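Colleague: Just so it is clear, I am handing over structure10.txt, which has compact mmCIF, C-alpha atoms.
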# COMPACT_ATOMS: atom_id res chain seq x y z
CA MET A 59 -53.26 -24.79 41.16
CA THR A 60 -49.88 -24.80 39.45
CA ASP A 61 -48.88 -21.68 37.52
CA PRO A 62 -46.65 -21.42 34.43
CA ALA A 63 -43.57 -20.70 36.55
CA ALA A 64 -43.63 -24.33 37.68
CA ALA A 65 -44.18 -25.85 34.22
CA GLY A 66 -42.03 -28.86 33.45
CA ARG A 67 -41.09 -29.54 37.08
CA ARG A 68 -42.26 -32.36 39.30
CA ALA A 69 -42.66 -32.45 43.08
CA VAL A 70 -42.00 -36.04 44.08
CA VAL A 71 -42.19 -38.01 47.31
CA THR A 72 -38.87 -39.63 48.17
CA GLY A 73 -39.54 -40.69 51.77
CA ILE A 74 -42.58 -41.87 53.69
CA SER A 75 -43.53 -42.91 57.21
CA ALA A 76 -46.50 -44.14 59.21
CA MET A 77 -47.50 -43.86 62.85
CA ALA A 78 -50.85 -45.60 63.05
CA PRO A 79 -52.91 -47.84 65.32
CA GLY A 80 -51.78 -51.36 64.56
CA GLY A 81 -48.72 -50.33 62.57
CA ARG A 82 -45.68 -48.26 63.45
CA GLY A 83 -43.54 -47.82 60.35
CA ALA A 84 -44.75 -47.61 56.76
CA GLU A 85 -44.12 -51.23 55.81
CA ALA A 86 -45.71 -52.68 58.96
CA PHE A 87 -48.69 -50.38 58.51
CA TRP A 88 -49.04 -51.39 54.85
CA ARG A 89 -48.99 -55.10 55.70
CA ASN A 90 -51.73 -54.62 58.28
CA VAL A 91 -53.86 -52.63 55.85
CA LEU A 92 -53.54 -55.24 53.10
CA GLU A 93 -54.40 -58.02 55.55
CA GLY A 94 -57.44 -56.10 56.73
CA ARG A 95 -56.43 -56.18 60.37
CA GLY A 96 -58.58 -54.05 62.61
CA ALA A 97 -56.76 -51.89 65.13
CA LEU A 98 -59.65 -50.36 67.07
CA GLY A 99 -60.28 -50.95 70.75
CA PRO A 100 -61.23 -49.39 74.08
CA VAL A 101 -59.67 -46.22 75.47
CA THR A 102 -56.63 -47.03 77.62
CA HIS A 103 -55.05 -43.57 78.00
CA PHE A 104 -57.54 -42.53 80.70
CA ASP A 105 -60.78 -43.56 82.36
CA ALA A 106 -63.38 -42.89 79.68
CA ASP A 107 -66.40 -44.46 81.40
CA GLU A 108 -68.31 -41.15 81.38
CA PHE A 109 -67.69 -40.52 77.67
CA PRO A 110 -70.09 -41.70 74.97
CA VAL A 111 -67.17 -42.90 72.81
CA ARG A 112 -66.33 -46.52 73.56
CA VAL A 113 -63.90 -47.37 70.73
CA VAL A 114 -60.79 -45.52 69.50
CA GLY A 115 -57.58 -46.15 67.56
CA GLU A 116 -54.46 -45.98 69.78
CA VAL A 117 -50.81 -46.32 68.71
CA PHE A 118 -49.04 -46.75 72.06
CA ASP A 119 -50.17 -47.17 75.65
CA ASP A 120 -47.19 -45.20 76.96
CA GLU A 121 -47.57 -41.51 77.79
CA VAL A 122 -44.10 -40.79 76.40
CA LEU A 123 -43.48 -42.50 73.10
CA PRO A 124 -40.54 -44.91 72.89
CA GLY A 125 -37.75 -43.50 70.78
CA VAL A 126 -38.38 -39.86 71.61
CA ASP A 127 -35.41 -37.99 73.11
CA PRO A 128 -36.29 -37.40 76.81
CA ARG A 129 -35.13 -33.80 76.46
CA LEU A 130 -37.78 -33.27 73.80
CA ALA A 131 -40.42 -35.34 75.57
CA VAL A 132 -40.72 -32.79 78.40
CA GLN A 133 -41.20 -29.98 75.87
CA THR A 134 -43.75 -31.59 73.59
CA ASP A 135 -47.23 -33.01 73.42
CA ARG A 136 -47.81 -36.57 72.22
CA TRP A 137 -48.94 -35.15 68.86
CA SER A 138 -45.52 -33.58 68.25
CA GLN A 139 -43.78 -36.74 69.43
CA PHE A 140 -45.58 -38.75 66.75
CA ALA A 141 -44.27 -36.29 64.17
CA LEU A 142 -40.71 -36.42 65.53
CA LEU A 143 -40.66 -40.20 65.11
CA ALA A 144 -42.32 -40.06 61.70
CA ALA A 145 -39.82 -37.47 60.49
CA GLU A 146 -36.90 -39.72 61.40
CA GLU A 147 -38.41 -42.55 59.38
CA ALA A 148 -39.27 -40.39 56.37
CA LEU A 149 -35.84 -38.77 56.17
CA ALA A 150 -34.07 -42.11 56.55
CA ASP A 151 -36.31 -43.60 53.87
CA SER A 152 -35.53 -40.76 51.47
CA GLY A 153 -31.79 -41.06 51.95
CA ALA A 154 -31.61 -37.28 52.31
CA ARG A 155 -29.23 -35.96 54.96
CA PRO A 156 -30.26 -32.46 56.03
CA GLU A 157 -26.69 -31.51 56.95
CA THR A 158 -25.68 -31.78 53.27
CA PHE A 159 -28.18 -29.05 52.25
CA SER A 160 -28.19 -25.35 52.91
CA PRO A 161 -30.59 -24.97 55.86
CA PHE A 162 -32.50 -22.35 53.90
CA ASP A 163 -33.22 -24.88 51.13
CA LEU A 164 -35.09 -27.08 53.62
CA GLY A 165 -38.65 -26.51 54.82
CA VAL A 166 -41.26 -27.94 57.18
CA ILE A 167 -45.00 -27.66 56.53
CA THR A 168 -47.32 -29.66 58.78
CA ALA A 169 -51.01 -29.82 59.58
CA SER A 170 -52.78 -29.75 62.92
CA SER A 171 -56.41 -29.89 64.00
CA SER A 172 -56.26 -28.84 67.62
CA GLY A 173 -52.66 -28.81 68.81
CA GLY A 174 -51.32 -30.23 72.05
CA ASN A 175 -54.48 -30.97 73.98
CA ALA A 176 -53.10 -33.42 76.53
CA PHE A 177 -50.13 -31.20 77.39
CA GLY A 178 -52.35 -28.17 77.77
CA GLN A 179 -54.89 -30.00 79.92
CA ARG A 180 -52.18 -31.28 82.24
CA GLU A 181 -50.75 -27.80 82.75
CA ILE A 182 -54.15 -26.19 83.29
CA GLU A 183 -54.96 -28.86 85.88
CA ALA A 184 -51.70 -27.98 87.66
CA LEU A 185 -52.61 -24.29 87.57
CA TRP A 186 -56.01 -24.78 89.20
CA SER A 187 -55.00 -27.46 91.69
CA LYS A 188 -51.54 -26.21 92.74
CA GLY A 189 -51.09 -22.66 91.49
CA PRO A 190 -49.18 -20.76 88.77
CA ARG A 191 -45.73 -21.79 89.98
CA HIS A 192 -46.56 -25.35 88.98
CA VAL A 193 -47.19 -24.51 85.32
CA GLY A 194 -44.17 -25.45 83.23
CA PRO A 195 -42.49 -23.03 80.81
CA TYR A 196 -43.24 -25.22 77.80
CA GLN A 197 -47.00 -24.69 78.17
CA SER A 198 -46.52 -21.51 76.14
CA ILE A 199 -45.43 -23.45 73.07
CA ALA A 200 -46.30 -27.16 73.34
CA TRP A 201 -50.05 -26.73 72.75
CA PHE A 202 -49.69 -24.36 69.79
CA TYR A 203 -50.68 -25.52 66.28
CA ALA A 204 -47.23 -24.74 64.89
CA ALA A 205 -45.31 -26.48 67.70
CA THR A 206 -44.59 -29.54 65.58
CA THR A 207 -43.31 -27.48 62.66
CA GLY A 208 -41.05 -25.56 65.03
CA GLN A 209 -39.67 -28.66 66.73
CA LEU A 210 -38.91 -30.36 63.41
CA SER A 211 -37.32 -27.21 62.03
CA ILE A 212 -35.00 -26.95 65.02
CA ARG A 213 -34.17 -30.64 65.21
CA HIS A 214 -33.24 -31.01 61.54
CA GLY A 215 -31.86 -27.53 60.83
CA MET A 216 -34.61 -26.64 58.38
CA LYS A 217 -34.67 -22.86 58.19
CA GLY A 218 -36.43 -22.29 54.88
CA VAL A 219 -40.15 -22.12 54.14
CA CYS A 220 -42.11 -23.31 57.17
CA GLY A 221 -45.76 -23.25 58.15
CA VAL A 222 -48.82 -25.07 59.44
CA THR A 223 -52.29 -25.60 57.99
CA VAL A 224 -55.40 -25.98 60.13
CA GLY A 225 -58.42 -27.57 58.42
CA GLU A 226 -59.08 -30.79 60.37
CA GLN A 227 -58.60 -33.76 58.01
CA ALA A 228 -58.50 -31.52 54.91
CA GLY A 229 -55.53 -29.68 56.40
CA GLY A 230 -53.34 -32.75 55.94
CA LEU A 231 -53.71 -32.53 52.16
CA ASP A 232 -53.39 -28.75 52.19
CA ALA A 233 -50.01 -29.04 53.94
CA ILE A 234 -48.70 -31.44 51.30
CA ALA A 235 -49.99 -29.12 48.58
CA GLN A 236 -48.14 -26.21 50.17
CA ALA A 237 -44.96 -28.30 50.18
CA ARG A 238 -45.49 -29.11 46.52
CA ARG A 239 -45.92 -25.45 45.71
CA ALA A 240 -42.73 -24.49 47.56
CA VAL A 241 -40.73 -27.11 45.65
CA LEU A 242 -42.20 -26.30 42.23
CA HIS A 243 -41.55 -22.60 42.65
CA GLY A 244 -37.97 -23.09 43.81
CA ASP A 245 -38.62 -21.82 47.33
CA ALA A 246 -37.23 -25.07 48.75
CA ARG A 247 -35.30 -28.09 47.55
CA LEU A 248 -36.80 -30.41 50.15
CA VAL A 249 -39.83 -30.09 52.41
CA LEU A 250 -40.82 -32.31 55.31
CA THR A 251 -44.62 -32.34 55.27
CA GLY A 252 -47.73 -34.12 56.50
CA GLY A 253 -49.37 -34.21 59.88
CA ALA A 254 -50.05 -36.06 63.10
CA GLU A 255 -52.72 -35.99 65.76
CA ALA A 256 -53.13 -37.06 69.39
CA PRO A 257 -56.82 -36.40 70.11
CA LEU A 258 -57.41 -39.06 72.76
CA SER A 259 -57.11 -37.04 75.97
CA PRO A 260 -60.20 -36.18 78.05
CA TYR A 261 -60.57 -32.56 76.97
CA ALA A 262 -59.83 -33.34 73.31
CA LEU A 263 -62.34 -36.17 73.22
CA LEU A 264 -64.97 -34.01 74.90
CA CYS A 265 -64.51 -31.33 72.24
CA GLN A 266 -64.93 -33.90 69.47
CA THR A 267 -68.21 -35.20 70.85
CA THR A 268 -69.83 -31.79 70.26
CA SER A 269 -69.67 -32.39 66.49
CA GLY A 270 -72.22 -35.19 66.73
CA ARG A 271 -70.12 -37.22 64.28
CA LEU A 272 -68.45 -39.74 66.61
CA SER A 273 -69.56 -43.35 66.83
CA ALA A 274 -70.89 -44.51 70.19
CA CYS A 275 -70.81 -48.18 69.18
CA ALA A 276 -68.87 -50.40 71.61
CA ASP A 277 -68.12 -53.14 69.06
CA PRO A 278 -64.73 -52.47 67.36
CA GLU A 279 -65.90 -54.37 64.26
CA ARG A 280 -69.09 -52.29 63.91
CA ALA A 281 -68.04 -48.90 65.24
CA TYR A 282 -66.67 -47.35 62.03
CA LEU A 283 -68.62 -48.33 58.91
CA PRO A 284 -68.25 -45.79 56.08
CA PHE A 285 -70.64 -46.30 53.13
CA ASP A 286 -72.41 -49.05 55.08
CA ALA A 287 -76.14 -48.98 55.86
CA GLY A 288 -75.12 -49.22 59.52
CA ALA A 289 -72.88 -46.11 59.44
CA CYS A 290 -73.16 -44.36 62.79
CA GLY A 291 -70.19 -42.00 62.92
CA HIS A 292 -66.41 -42.21 62.84
CA VAL A 293 -63.94 -43.55 65.37
CA PRO A 294 -61.22 -41.07 66.41
CA GLY A 295 -57.63 -42.25 66.26
CA GLU A 296 -54.12 -41.00 66.91
CA GLY A 297 -51.02 -40.95 64.73
CA GLY A 298 -50.28 -39.75 61.22
CA ALA A 299 -47.52 -39.58 58.64
CA LEU A 300 -44.79 -37.30 57.35
CA LEU A 301 -43.42 -37.33 53.81
CA VAL A 302 -40.32 -35.94 52.15
CA VAL A 303 -41.20 -33.90 49.06
CA GLU A 304 -38.46 -32.79 46.67
CA ASP A 305 -37.93 -31.41 43.19
CA GLU A 306 -37.47 -34.48 40.99
CA ASP A 307 -34.34 -33.22 39.26
CA GLY A 308 -32.73 -32.33 42.56
CA ALA A 309 -33.66 -35.65 44.10
CA ARG A 310 -32.17 -37.61 41.23
CA ALA A 311 -29.06 -35.44 41.23
CA ARG A 312 -28.35 -36.34 44.85
CA GLY A 313 -28.74 -40.04 43.98
CA ALA A 314 -32.25 -40.70 45.28
CA GLU A 315 -33.74 -44.00 44.23
CA ARG A 316 -36.99 -44.09 42.30
CA PRO A 317 -39.53 -41.79 44.01
CA TYR A 318 -42.77 -43.21 45.36
CA GLY A 319 -44.71 -40.86 43.13
CA GLU A 320 -45.52 -37.33 42.13
CA ILE A 321 -47.83 -34.90 43.89
CA ALA A 322 -49.54 -34.13 40.62
CA GLY A 323 -52.54 -31.95 41.46
CA HIS A 324 -54.48 -30.37 44.29
CA ALA A 325 -57.46 -28.16 44.98
CA ALA A 326 -59.31 -26.95 48.06
CA THR A 327 -62.82 -25.53 48.44
CA PHE A 328 -65.15 -24.53 51.25
CA ASP A 329 -68.75 -25.56 51.78
CA PRO A 330 -71.39 -22.83 51.68
CA ALA A 331 -73.39 -22.17 54.83
CA PRO A 332 -76.07 -24.86 55.37
CA ARG A 333 -79.61 -23.97 54.40
CA GLY A 334 -82.49 -25.37 56.36
CA ALA A 335 -82.46 -29.09 57.05
CA ALA A 336 -81.05 -30.14 53.68
CA GLY A 337 -77.89 -31.46 55.30
CA PRO A 338 -74.37 -31.30 53.85
CA GLY A 339 -74.10 -30.79 50.13
CA HIS A 340 -71.61 -32.15 47.67
CA GLY A 341 -71.15 -29.31 45.19
CA ALA A 342 -68.06 -27.79 46.80
CA LEU A 343 -66.49 -31.22 47.28
CA ARG A 344 -67.14 -32.06 43.64
CA ARG A 345 -65.53 -28.80 42.60
CA ALA A 346 -62.43 -29.63 44.66
CA VAL A 347 -62.17 -33.02 42.95
CA GLU A 348 -62.63 -31.59 39.47
CA LEU A 349 -60.13 -28.79 40.06
CA ALA A 350 -57.55 -31.25 41.41
CA LEU A 351 -57.95 -33.44 38.31
CA ALA A 352 -57.60 -30.37 36.10
CA ASP A 353 -54.49 -29.28 38.00
CA ALA A 354 -52.98 -32.73 37.41
CA ARG A 355 -54.12 -32.68 33.78
CA VAL A 356 -55.87 -36.03 34.09
CA ARG A 357 -59.34 -37.12 33.05
CA PRO A 358 -61.66 -38.94 35.44
CA GLY A 359 -61.13 -42.20 33.55
CA GLU A 360 -57.39 -42.04 34.28
CA ILE A 361 -57.88 -42.28 38.05
CA GLY A 362 -57.27 -45.86 39.14
CA ALA A 363 -58.47 -45.58 42.75
CA VAL A 364 -60.02 -43.09 45.15
CA PHE A 365 -59.05 -42.97 48.81
CA ALA A 366 -62.23 -41.62 50.34
CA ASP A 367 -62.75 -39.20 53.20
CA ALA A 368 -65.18 -41.76 54.69
CA ALA A 369 -66.96 -39.72 57.35
CA ALA A 370 -69.33 -42.63 58.17
CA THR A 371 -72.38 -40.52 58.91
CA PRO A 372 -75.30 -41.16 56.57
CA ALA A 373 -75.58 -37.59 55.24
CA LEU A 374 -71.85 -37.10 54.72
CA ASP A 375 -71.45 -40.51 53.10
CA ARG A 376 -74.31 -39.74 50.72
CA ALA A 377 -72.71 -36.43 49.77
CA GLU A 378 -69.30 -37.99 49.06
CA ALA A 379 -70.82 -40.92 47.17
CA ARG A 380 -72.92 -38.56 45.05
CA CYS A 381 -69.83 -36.48 44.26
CA LEU A 382 -67.92 -39.57 43.09
CA ALA A 383 -70.85 -40.89 41.07
CA GLU A 384 -71.20 -37.56 39.28
CA VAL A 385 -67.48 -37.20 38.52
CA PHE A 386 -66.64 -40.83 37.67
CA GLY A 387 -70.05 -42.33 36.94
CA PRO A 388 -71.97 -44.75 39.17
CA ALA A 389 -69.49 -47.36 40.44
CA GLY A 390 -67.11 -45.84 37.92
CA VAL A 391 -63.90 -46.03 39.96
CA PRO A 392 -62.66 -48.29 42.77
CA VAL A 393 -63.11 -46.55 46.13
CA THR A 394 -61.42 -47.55 49.38
CA ALA A 395 -61.27 -46.33 52.98
CA PRO A 396 -58.58 -48.24 54.92
CA LYS A 397 -59.03 -45.81 57.83
CA ALA A 398 -62.17 -47.73 58.82
CA GLY A 399 -59.77 -50.27 60.30
CA TYR A 400 -57.70 -47.90 62.43
CA GLY A 401 -59.70 -44.70 62.90
CA ARG A 402 -60.00 -41.18 61.60
CA LEU A 403 -56.77 -39.39 62.47
CA TYR A 404 -57.86 -35.84 61.59
CA ALA A 405 -54.78 -33.83 60.47
CA GLY A 406 -52.76 -37.06 60.42
CA GLY A 407 -55.35 -39.03 58.48
CA ALA A 408 -55.03 -37.53 55.02
CA PRO A 409 -51.20 -37.72 54.93
CA LEU A 410 -51.50 -41.37 55.94
CA ASP A 411 -53.97 -41.85 53.09
CA VAL A 412 -51.41 -40.31 50.72
CA VAL A 413 -48.76 -42.74 51.99
CA THR A 414 -51.24 -45.60 51.45
CA ALA A 415 -52.00 -44.40 47.92
CA LEU A 416 -48.29 -44.20 47.07
CA LEU A 417 -47.72 -47.73 48.35
CA ALA A 418 -50.69 -48.87 46.27
CA LEU A 419 -49.03 -47.37 43.19
CA ARG A 420 -45.76 -49.08 44.08
CA ASP A 421 -47.27 -52.53 44.60
CA GLN A 422 -50.13 -52.26 42.07
CA VAL A 423 -52.80 -53.25 44.56
CA ILE A 424 -55.77 -51.35 45.98
CA PRO A 425 -56.02 -51.96 49.73
CA PRO A 426 -59.38 -52.86 51.24
CA THR A 427 -61.73 -50.72 53.25
CA GLY A 428 -61.54 -51.61 56.93
CA PRO A 429 -62.97 -54.94 58.13
CA GLY A 430 -66.67 -55.34 58.72
CA VAL A 431 -67.87 -52.82 56.12
CA VAL A 432 -70.72 -54.02 53.87
CA PRO A 433 -71.25 -51.57 50.98
CA ASP A 434 -74.68 -49.97 50.84
CA ALA A 435 -75.88 -50.35 47.24
CA ALA A 436 -77.70 -47.03 47.51
CA HIS A 437 -74.36 -45.22 47.35
CA ARG A 438 -73.56 -46.55 43.84
CA LEU A 439 -69.89 -47.06 44.72
CA ASP A 440 -67.39 -49.74 43.72
CA LEU A 441 -66.18 -50.07 47.30
CA VAL A 442 -63.09 -52.26 47.63
CA THR A 443 -63.49 -54.73 50.51
CA GLU A 444 -60.69 -57.17 49.61
CA PRO A 445 -57.19 -56.40 48.24
CA ARG A 446 -57.55 -55.87 44.51
CA GLU A 447 -54.70 -56.10 42.04
CA ALA A 448 -54.90 -53.30 39.49
CA ALA A 449 -52.78 -51.49 36.93
CA LEU A 450 -52.45 -48.26 38.90
CA ARG A 451 -50.80 -45.13 37.64
CA THR A 452 -52.84 -42.37 39.27
CA ALA A 453 -54.90 -42.12 42.48
CA LEU A 454 -57.07 -39.50 44.12
CA VAL A 455 -57.16 -38.75 47.86
CA ILE A 456 -60.14 -36.86 49.30
CA ALA A 457 -60.32 -35.19 52.70
CA ARG A 458 -62.98 -33.09 54.40
CA GLY A 459 -62.71 -31.17 57.63
CA TYR A 460 -65.37 -30.29 60.17
CA GLY A 461 -66.48 -26.74 59.50
CA GLY A 462 -66.71 -27.01 55.71
CA PHE A 463 -63.17 -27.71 54.48
CA ASN A 464 -62.70 -29.82 51.32
CA SER A 465 -59.42 -30.91 49.81
CA ALA A 466 -58.48 -33.27 46.98
CA LEU A 467 -55.01 -34.39 45.92
CA VAL A 468 -53.80 -36.45 42.95
CA VAL A 469 -50.73 -38.69 43.16
CA ARG A 470 -49.15 -40.22 40.10
CA ALA A 471 -46.46 -42.81 39.44
CA VAL A 472 -43.17 -41.41 38.17
CA PRO A 473 -41.64 -42.90 35.01
CA SER A 474 -38.33 -44.71 35.52
Let me see the file written as structure tokens.

Modeller:
Amino acid sequence: MTDPAAAGRRAVVTGISAMAPGGRGAEAFWRNVLEGRGALGPVTHFDADEFPVRVVGEVFDDEVLPGVDPRLAVQTDRWSQFALLAAEEALADSGARPETFSPFDLGVITASSSGGNAFGQREIEALWSKGPRHVGPYQSIAWFYAATTGQLSIRHGMKGVCGVTVGEQAGGLDAIAQARRAVLHGDARLVLTGGAEAPLSPYALLCQTTSGRLSACADPERAYLPFDAGACGHVPGEGGALLVVEDEDGARARGAERPYGEIAGHAATFDPAPRGAAGPGHGALRRAVELALADARVRPGEIGAVFADAAATPALDRAEARCLAEVFGPAGVPVTAPKAGYGRLYAGGAPLDVVTALLALRDQVIPPTGPGVVPDAAHRLDLVTEPREAALRTALVIARGYGGFNSALVVRAVPS
């Protein structure tokens, strides 16, 4: 939560990006979300016939992403390459030129769930099939959680506050909150933040199946159904988003156009250990939501829309729905989960939700939950299934991570 040292300052988002199934670039992604286009389909990166997962969300078929410098491509996993492309878009969108800042006024804080899985698997396969001389030197760094932060720091000359958060989907909000804190406390003038994920390699997908939370449905229109009576797990996807966060006064002084919005409040909690067969609770999640609202100094009635975590397992959906009903009242706030149309992107998913929320504030429209979702009345939610015009000033983004992580973040429109 914000302390008195940051009073009177605003951390605002001046640049956004999107690398998502069905939409590369923030505006293309936004159009697809508003039109309710599904972007889920079969695995094409490798032969997945022996895996229980039949449907995923892919961005590109190519192993090396178009637009990535070949010199960086050999050093990096696909996950870092997504971030490199997203960073270029976000910085260009913000109008900020890193070379005009002191490098120590610039920071990079990203999120990761599991690092460079595909890169690591490829190198380990070379080790066991050909021997140690066939393992490349970049294996030592490309798989590591902080590899993306390091690559972005080097590429853009950002030598100030840097770091990485690891909390599955919740980590994406935690990274943005850390960037906000750095800006509000004067530790940085500008921070590149957010996250990306590339979890669709054989080893990565195998690891995910152990959670028991992945959908095995082969129908792209029925595979990911949060808050639906037919919910049967989530669909994993690749991609993410990076944002440029700055001090508002500094951003306006350098001539930035109107910011997308303010990172107004945040809180994170952790679930207690499960007891018996009661399943996941909602108390810690509710506390994260309430603390984030308090940090932003807003009342529940001031929230215009909630961008849900949307785990799409019956127990987790019930817990999130109960949390929202208790905080906002039954069906007391519009709730949406656009990720049902393109997949759950883990560390990249929550930053992409923040980008979506900011675009909703800009255009005064709540985007729909992914196609095919029929709200289960038992959840007592006002689930948005068609684009809904609304007078939006403030939105809440919720993210949970496997293992008990909860995070909630409030974004707010900035006065002209």

Colleague: List as a ChimeraX atom specification the protein and nucleic acid residues near segment 352-355 of chain A, meaning an atom at most 10 Å away when only C-alpha atoms are counted, but skip any in the same chain fewer than 3 places from it.

Modeller: /A:59-61,320-325,346-349,358,360,452,467-470

Colleague: Can you pull out every residue within 8 Å of segment 398-408 of chain A, counting all atoms listed in the file, but drop anything in the same chain fewer than 3 positions away, and send it as JSON, numbers by chain?

Modeller: {"A": [78, 79, 80, 91, 94, 95, 96, 97, 98, 114, 115, 169, 170, 171, 224, 225, 226, 227, 228, 229, 230, 231, 252, 253, 254, 255, 282, 283, 284, 292, 293, 294, 295, 296, 297, 298, 299, 368, 395, 411, 412, 427, 428, 429, 455, 456, 457, 459]}

Colleague: Could you dump the residues just selected with C-alpha atoms as a PDB file, in the frame of the given file?

Modeller:
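New file again_10.pdb:
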ATOM      1  CA  ALA A  78     -50.850 -45.600  63.050  1.00  0.00           C
ATOM      2  CA  PRO A  79     -52.910 -47.840  65.320  1.00  0.00           C
ATOM      3  CA  GLY A  80     -51.780 -51.360  64.560  1.00  0.00           C
ATOM      4  CA  VAL A  91     -53.860 -52.630  55.850  1.00  0.00           C
ATOM      5  CA  GLY A  94     -57.440 -56.100  56.730  1.00  0.00           C
ATOM      6  CA  ARG A  95     -56.430 -56.180  60.370  1.00  0.00           C
ATOM      7  CA  GLY A  96     -58.580 -54.050  62.610  1.00  0.00           C
ATOM      8  CA  ALA A  97     -56.760 -51.890  65.130  1.00  0.00           C
ATOM      9  CA  LEU A  98     -59.650 -50.360  67.070  1.00  0.00           C
ATOM     10  CA  VAL A 114     -60.790 -45.520  69.500  1.00  0.00           C
ATOM     11  CA  GLY A 115     -57.580 -46.150  67.560  1.00  0.00           C
ATOM     12  CA  ALA A 169     -51.010 -29.820  59.580  1.00  0.00           C
ATOM     13  CA  SER A 170     -52.780 -29.750  62.920  1.00  0.00           C
ATOM     14  CA  SER A 171     -56.410 -29.890  64.000  1.00  0.00           C
ATOM     15  CA  VAL A 224     -55.400 -25.980  60.130  1.00  0.00           C
ATOM     16  CA  GLY A 225     -58.420 -27.570  58.420  1.00  0.00           C
ATOM     17  CA  GLU A 226     -59.080 -30.790  60.370  1.00  0.00           C
ATOM     18  CA  GLN A 227     -58.600 -33.760  58.010  1.00  0.00           C
ATOM     19  CA  ALA A 228     -58.500 -31.520  54.910  1.00  0.00           C
ATOM     20  CA  GLY A 229     -55.530 -29.680  56.400  1.00  0.00           C
ATOM     21  CA  GLY A 230     -53.340 -32.750  55.940  1.00  0.00           C
ATOM     22  CA  LEU A 231     -53.710 -32.530  52.160  1.00  0.00           C
ATOM     23  CA  GLY A 252     -47.730 -34.120  56.500  1.00  0.00           C
ATOM     24  CA  GLY A 253     -49.370 -34.210  59.880  1.00  0.00           C
ATOM     25  CA  ALA A 254     -50.050 -36.060  63.100  1.00  0.00           C
ATOM     26  CA  GLU A 255     -52.720 -35.990  65.760  1.00  0.00           C
ATOM     27  CA  TYR A 282     -66.670 -47.350  62.030  1.00  0.00           C
ATOM     28  CA  LEU A 283     -68.620 -48.330  58.910  1.00  0.00           C
ATOM     29  CA  PRO A 284     -68.250 -45.790  56.080  1.00  0.00           C
ATOM     30  CA  HIS A 292     -66.410 -42.210  62.840  1.00  0.00           C
ATOM     31  CA  VAL A 293     -63.940 -43.550  65.370  1.00  0.00           C
ATOM     32  CA  PRO A 294     -61.220 -41.070  66.410  1.00  0.00           C
ATOM     33  CA  GLY A 295     -57.630 -42.250  66.260  1.00  0.00           C
ATOM     34  CA  GLU A 296     -54.120 -41.000  66.910  1.00  0.00           C
ATOM     35  CA  GLY A 297     -51.020 -40.950  64.730  1.00  0.00           C
ATOM     36  CA  GLY A 298     -50.280 -39.750  61.220  1.00  0.00           C
ATOM     37  CA  ALA A 299     -47.520 -39.580  58.640  1.00  0.00           C
ATOM     38  CA  ALA A 368     -65.180 -41.760  54.690  1.00  0.00           C
ATOM     39  CA  ALA A 395     -61.270 -46.330  52.980  1.00  0.00           C
ATOM     40  CA  ASP A 411     -53.970 -41.850  53.090  1.00  0.00           C
ATOM     41  CA  VAL A 412     -51.410 -40.310  50.720  1.00  0.00           C
ATOM     42  CA  THR A 427     -61.730 -50.720  53.250  1.00  0.00           C
ATOM     43  CA  GLY A 428     -61.540 -51.610  56.930  1.00  0.00           C
ATOM     44  CA  PRO A 429     -62.970 -54.940  58.130  1.00  0.00           C
ATOM     45  CA  VAL A 455     -57.160 -38.750  47.860  1.00  0.00           C
ATOM     46  CA  ILE A 456     -60.140 -36.860  49.300  1.00  0.00           C
ATOM     47  CA  ALA A 457     -60.320 -35.190  52.700  1.00  0.00           C
ATOM     48  CA  GLY A 459     -62.710 -31.170  57.630  1.00  0.00           C
TER      49      GLY A 459
END

Colleague: Taking all atoms listed in the file into account, name the residue in A:Ala453, A:Leu351, A:Val385, A:Ala289 that is nearest to Pro433 of chain A.

Modeller: A:Ala289

Colleague: Please, which residues in segment 344-451 of chain A fall within 12 Å of segment 67-73 of chain A when counting all atoms listed in the file, and what is the closest atom pair and distance in Å to one decimal for each, ordered by chain then residue number, as CSV?

Modeller:
residue,atom,partner,partner_atom,distance
A:Ala354,CA,A:Arg68,CA,10.9
A:Pro409,CA,A:Val71,CA,11.8
A:Val412,CA,A:Val71,CA,10.1
A:Val413,CA,A:Val71,CA,9.4
A:Ala415,CA,A:Val71,CA,11.7
A:Leu416,CA,A:Val71,CA,8.7
A:Leu417,CA,A:Val71,CA,11.2

Colleague: Go ahead and write the residues just picked, C-alpha atoms, as a PDB file, in the frame of the given file.

Modeller:
ATOM      1  CA  ALA A 354     -52.980 -32.730  37.410  1.00  0.00           C
ATOM      2  CA  PRO A 409     -51.200 -37.720  54.930  1.00  0.00           C
ATOM      3  CA  VAL A 412     -51.410 -40.310  50.720  1.00  0.00           C
ATOM      4  CA  VAL A 413     -48.760 -42.740  51.990  1.00  0.00           C
ATOM      5  CA  ALA A 415     -52.000 -44.400  47.920  1.00  0.00           C
ATOM      6  CA  LEU A 416     -48.290 -44.200  47.070  1.00  0.00           C
ATOM      7  CA  LEU A 417     -47.720 -47.730  48.350  1.00  0.00           C
TER       8      LEU A 417
END

Colleague: Give me the residues near segment 147-160 of chain A as number ranges by chain, where near means some atom within 7 Å (using all atoms listed in the file) and where sequence neighbours in that chain fewer than 6 positions away do not count.

Modeller: A: 72-75, 214, 300-302, 314

Colleague: In Å, rounded to a single decimal, give me how far atom CA of Val166 of chain A is from atom CA of His243 of chain A.

Modeller: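 Calculated distance between atom CA of His243 of chain A and atom CA of Val166 of chain A is 15.5 Å.
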
Colleague: Between atom CA of Ile361 of chain A and atom CA of Leu454 of chain A, what is the distance, to one decimal in Å?

Modeller: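 Atom CA of Leu454 of chain A lies 6.7 Å from atom CA of Ile361 of chain A.
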